[in-house]
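To keep things clear, I will list the structure first and then write my remarks on it.
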Amino acid sequence: MHTGDARPYAEGTADASVRRYAHLPEPEYTEASVTALINGAISEGLERGDLAVLAISDPSTGEFAGSLVLFDVTDKSVEVGFWVHRDHRGKGLAGAALSLADTLAQRSGLTRLTARTVPENLASRRVLEQAGFSCGAEVDDVAPSGEAVVLLHYSRELVSNPLIPVETERLRLRLHESGDMGWLHRLYSKSSVARYLLDEPWSRDDAAKRVSERLAKTGLDSDARALALVIEHDGTPIGDVLLWFVDADRRVAEIGWVLDPDHGGRGFAREAVSAVLQVAFDHYRVHRVSAQMDARNTASAKLATAVGMHHEAHLRRDWWSKGEWTDTLIFGMLASDR
């Protein structure tokens, strides 16, 4: 945070929901008191390395949108708290901020994130659970405000993935970052891209939410049970691939991909999907990977065949999509096929 955040921070903390659920240490904040905190306790905590009070900003405008706090640092874990300004809710910013906290904690050598919230704060609980936090017990506890309350305890184990990035002859496949919202919006807002997907063309709010979801998908062995990778060619993002478990106990997964049409016809999608399938079978020991697609999507069907997947089914008029019944093609690959 910097002193320019003092006024919107103070205004945000005056919101009834923030006052009710955030349990902030001070009963009220003003621009002057927040400025004093930034120059005093917050700066000192950063210097010591045991407290980080960070601003959440709207990636499309740079506006202050809320606060993320990392505190109670031990040699292995750190607690995280957050609140979002009422004018910026519903954009997926809290989830994106938690994913960045995950990255920061891992780079600091920590292995666990914890969080606490009151049971009735359903929005906070939903954000934590979507970010891969596991819910623990309700405990009589003391909030940062000093108030005695019942709090739900959450935790998330941090698992680094030494496989990432995946390098191929021409491509680099990396995890998503918060800065990916812009190009993802440009890609998924194209009607030609959305035509055969389940979603309508994305709005900027859609993009913010989807980036938040993708940030948590760091591996099949992560809490999200999914791996979302950006396809880069010569440092430029040109698409993405998603691999996720549909049945983790039986090692059954599904794969999906999107490539920018401007980069089509050069074998990039085939190269990326082949690499991710190799990771699925060789590293994660997956038994089966399937791919399902709109039957009119001939390009994806050709790609699935090209990477060695078997055409297993053609389901007629089984899916209601965008006002019409559509056919579905199912492709599959077994570990033994390789």
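Ordered as shown in the structure tokens, chains take letters A, B, and onward, while each chain numbers its residues from 1 and ligands are numbered from 1 in the order shown.
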Residues at most 10 Å from Arg172 (chain A), counting only C-alpha atoms, excluding those fewer than 4 positions away in the same chain, as a ChimeraX atom specification?
/A:164-168,229-237,272
Keeping only N, CA and C atoms, write the selected residues to a file as a compact mmCIF listing (two decimals), in the first residue's frame.
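This is the output file result33.txt:
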# COMPACT_ATOMS: atom_id res chain seq x y z
N ILE A 164 6.81 -27.22 -13.90
CA ILE A 164 6.38 -26.00 -14.57
C ILE A 164 7.51 -24.97 -14.55
N PRO A 165 7.78 -24.28 -15.65
CA PRO A 165 7.08 -24.38 -16.93
C PRO A 165 7.49 -25.62 -17.73
N VAL A 166 6.58 -26.04 -18.61
CA VAL A 166 6.86 -27.12 -19.55
C VAL A 166 7.41 -26.50 -20.83
N GLU A 167 8.57 -26.97 -21.27
CA GLU A 167 9.20 -26.44 -22.47
C GLU A 167 9.09 -27.47 -23.60
N THR A 168 8.65 -27.01 -24.78
CA THR A 168 8.65 -27.84 -25.97
C THR A 168 9.59 -27.19 -27.00
N LEU A 229 -2.63 -24.11 -17.85
CA LEU A 229 -1.37 -23.63 -18.39
C LEU A 229 -1.60 -22.67 -19.55
N VAL A 230 -0.80 -21.61 -19.57
CA VAL A 230 -0.78 -20.66 -20.67
C VAL A 230 0.17 -21.18 -21.74
N ILE A 231 -0.24 -21.10 -23.00
CA ILE A 231 0.63 -21.46 -24.12
C ILE A 231 1.32 -20.19 -24.59
N GLU A 232 2.64 -20.16 -24.53
CA GLU A 232 3.41 -19.01 -25.01
C GLU A 232 4.29 -19.41 -26.18
N HIS A 233 4.35 -18.54 -27.20
CA HIS A 233 5.27 -18.70 -28.32
C HIS A 233 6.08 -17.41 -28.45
N ASP A 234 7.39 -17.53 -28.34
CA ASP A 234 8.27 -16.35 -28.39
C ASP A 234 7.85 -15.30 -27.36
N GLY A 235 7.44 -15.76 -26.17
CA GLY A 235 7.07 -14.86 -25.08
C GLY A 235 5.68 -14.27 -25.18
N THR A 236 4.91 -14.65 -26.20
CA THR A 236 3.56 -14.11 -26.38
C THR A 236 2.52 -15.18 -26.06
N PRO A 237 1.54 -14.91 -25.17
CA PRO A 237 0.48 -15.88 -24.91
C PRO A 237 -0.41 -16.06 -26.14
N ALA A 272 1.26 -28.26 -27.87
CA ALA A 272 0.94 -27.99 -26.47
C ALA A 272 0.14 -29.13 -25.85
Find the residues near Gly308 (chain A): any atom within 9 Å, counting only C-alpha atoms, skip ones fewer than 6 places away on the same chain, and give them as an MDAnalysis selection string.
chainID A and resid 274 332:333 337:338
Write out as a PyMOL selection string which residues come within 8 Å of region 115-123 of chain A when counting only C-alpha atoms, dropping same-chain ones fewer than 5 positions away.
chain A and resi 21+79-81+138+149-155
Need the shell around region 251-260 of chain A: protein/DNA/RNA residues with any atom at most 8 Å away, counting only C-alpha atoms. Skip same-chain ones fewer than 2 positions apart. Format as a list in words?
Leu187, Val193, Ile238, Gly239, Asp240, Val241, Leu242, Leu243, Trp244, Phe245, Val246, Asp247, Ala248, Asp249, Asp262, His263, Gly264, Ala269, Val273, Arg285, Val286, His287, Arg288, Val289, Ser290, Ala291 and Gln292 of chain A
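The environment of region 314-327 of chain A within 12 Å, counting only C-alpha atoms and disregarding residues fewer than 6 places along the same chain, consists of Ala194, Arg195, Tyr196, Leu197, Leu198, Asp199, Glu200, Pro201, Gln292, Met293, Asp294, Ala295, Arg296, Asn297 and Ala301 of chain A.
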Any idea what the distance is between CA of Phe268 (chain A) and CA of Leu303 (chain A)?
10.3 Å
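Residue neighbourhood of Trp83 (chain A), excluding near-sequence residues (fewer than 2 positions): Val18, Ala22, Gly66, Ser67, Leu68, Gly81, His85 and Ala94 of chain A, at 8 Å, using only C-alpha atoms.
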Identify, with DSSP run on backbone atoms, the residues in region 266-338 of chain A assigned to strand (DSSP E), and express the list as an MDAnalysis selection string.
chainID A and resid 288:294 310:321 324:334
Atoms to include: C-alpha atoms. Write the selected residues as a PDB file, in the first residue's frame.
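Output below, filename out_23.pdb:
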ATOM      1  CA  ARG A 288      -7.352 -42.143 -18.761  1.00  0.00           C
ATOM      2  CA  VAL A 289      -7.730 -38.695 -20.315  1.00  0.00           C
ATOM      3  CA  SER A 290     -10.847 -37.715 -22.273  1.00  0.00           C
ATOM      4  CA  ALA A 291     -11.769 -34.709 -24.390  1.00  0.00           C
ATOM      5  CA  GLN A 292     -15.339 -33.647 -25.122  1.00  0.00           C
ATOM      6  CA  MET A 293     -16.263 -31.092 -27.777  1.00  0.00           C
ATOM      7  CA  ASP A 294     -19.059 -29.738 -29.919  1.00  0.00           C
ATOM      8  CA  HIS A 310      -9.350 -42.356 -29.985  1.00  0.00           C
ATOM      9  CA  HIS A 311     -12.767 -41.244 -31.244  1.00  0.00           C
ATOM     10  CA  GLU A 312     -14.989 -43.130 -28.816  1.00  0.00           C
ATOM     11  CA  ALA A 313     -18.472 -41.656 -29.155  1.00  0.00           C
ATOM     12  CA  HIS A 314     -20.749 -39.294 -31.052  1.00  0.00           C
ATOM     13  CA  LEU A 315     -23.660 -38.268 -28.815  1.00  0.00           C
ATOM     14  CA  ARG A 316     -26.566 -36.908 -30.806  1.00  0.00           C
ATOM     15  CA  ARG A 317     -28.381 -33.784 -29.618  1.00  0.00           C
ATOM     16  CA  ASP A 318     -27.308 -34.433 -26.040  1.00  0.00           C
ATOM     17  CA  TRP A 319     -26.318 -30.890 -24.993  1.00  0.00           C
ATOM     18  CA  TRP A 320     -28.442 -27.745 -24.944  1.00  0.00           C
ATOM     19  CA  SER A 321     -26.062 -24.918 -25.800  1.00  0.00           C
ATOM     20  CA  GLU A 324     -30.064 -25.202 -29.552  1.00  0.00           C
ATOM     21  CA  TRP A 325     -29.419 -28.906 -29.153  1.00  0.00           C
ATOM     22  CA  THR A 326     -25.877 -29.845 -30.159  1.00  0.00           C
ATOM     23  CA  ASP A 327     -23.975 -33.085 -30.738  1.00  0.00           C
ATOM     24  CA  THR A 328     -20.952 -34.026 -28.626  1.00  0.00           C
ATOM     25  CA  LEU A 329     -17.827 -35.888 -29.689  1.00  0.00           C
ATOM     26  CA  ILE A 330     -15.861 -37.830 -27.071  1.00  0.00           C
ATOM     27  CA  PHE A 331     -12.211 -38.745 -27.531  1.00  0.00           C
ATOM     28  CA  GLY A 332     -10.139 -40.741 -25.091  1.00  0.00           C
ATOM     29  CA  MET A 333      -6.612 -41.955 -24.423  1.00  0.00           C
ATOM     30  CA  LEU A 334      -5.477 -44.626 -21.956  1.00  0.00           C
TER      31      LEU A 334
END
Name the residues of region 49-264 of chain A that fall into alpha helix (DSSP H) according to DSSP on the backbone, using the chain letters and numbers of this document, as a ChimeraX atom specification.
/A:93-107,122-130,181-188,191-194,204-215
Grab the CA of Tyr9 (chain A) to CA of Phe82 (chain A) distance for me, in Å with one decimal place.
12.2 Å
Which of these residues is nearest to Leu171 (chain A), using only C-alpha atoms: A:Phe133, A:Arg270, A:Val139, A:Ala228?
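Nearest candidate to Leu171 (chain A) out of A:Phe133, A:Arg270, A:Val139, A:Ala228: A:Arg270.
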Point out the residue among A:Leu100, A:Leu277, A:Leu163, A:Val69 with the least atom-to-atom distance to Pro25 (chain A), counting only C-alpha atoms.
A:Val69
Ranking A:Pro162, A:Gly265, A:Gly109, A:Gly219 by minimum distance to Gly132 (chain A) and counting only C-alpha atoms, which one comes first?
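Checking each candidate against Gly132 (chain A), we get A:Gly219 as the closest.
CA of Ser33 (chain A) to CA of Arg7 (chain A) spans 9.7 Å [interatomic distance, one decimal].
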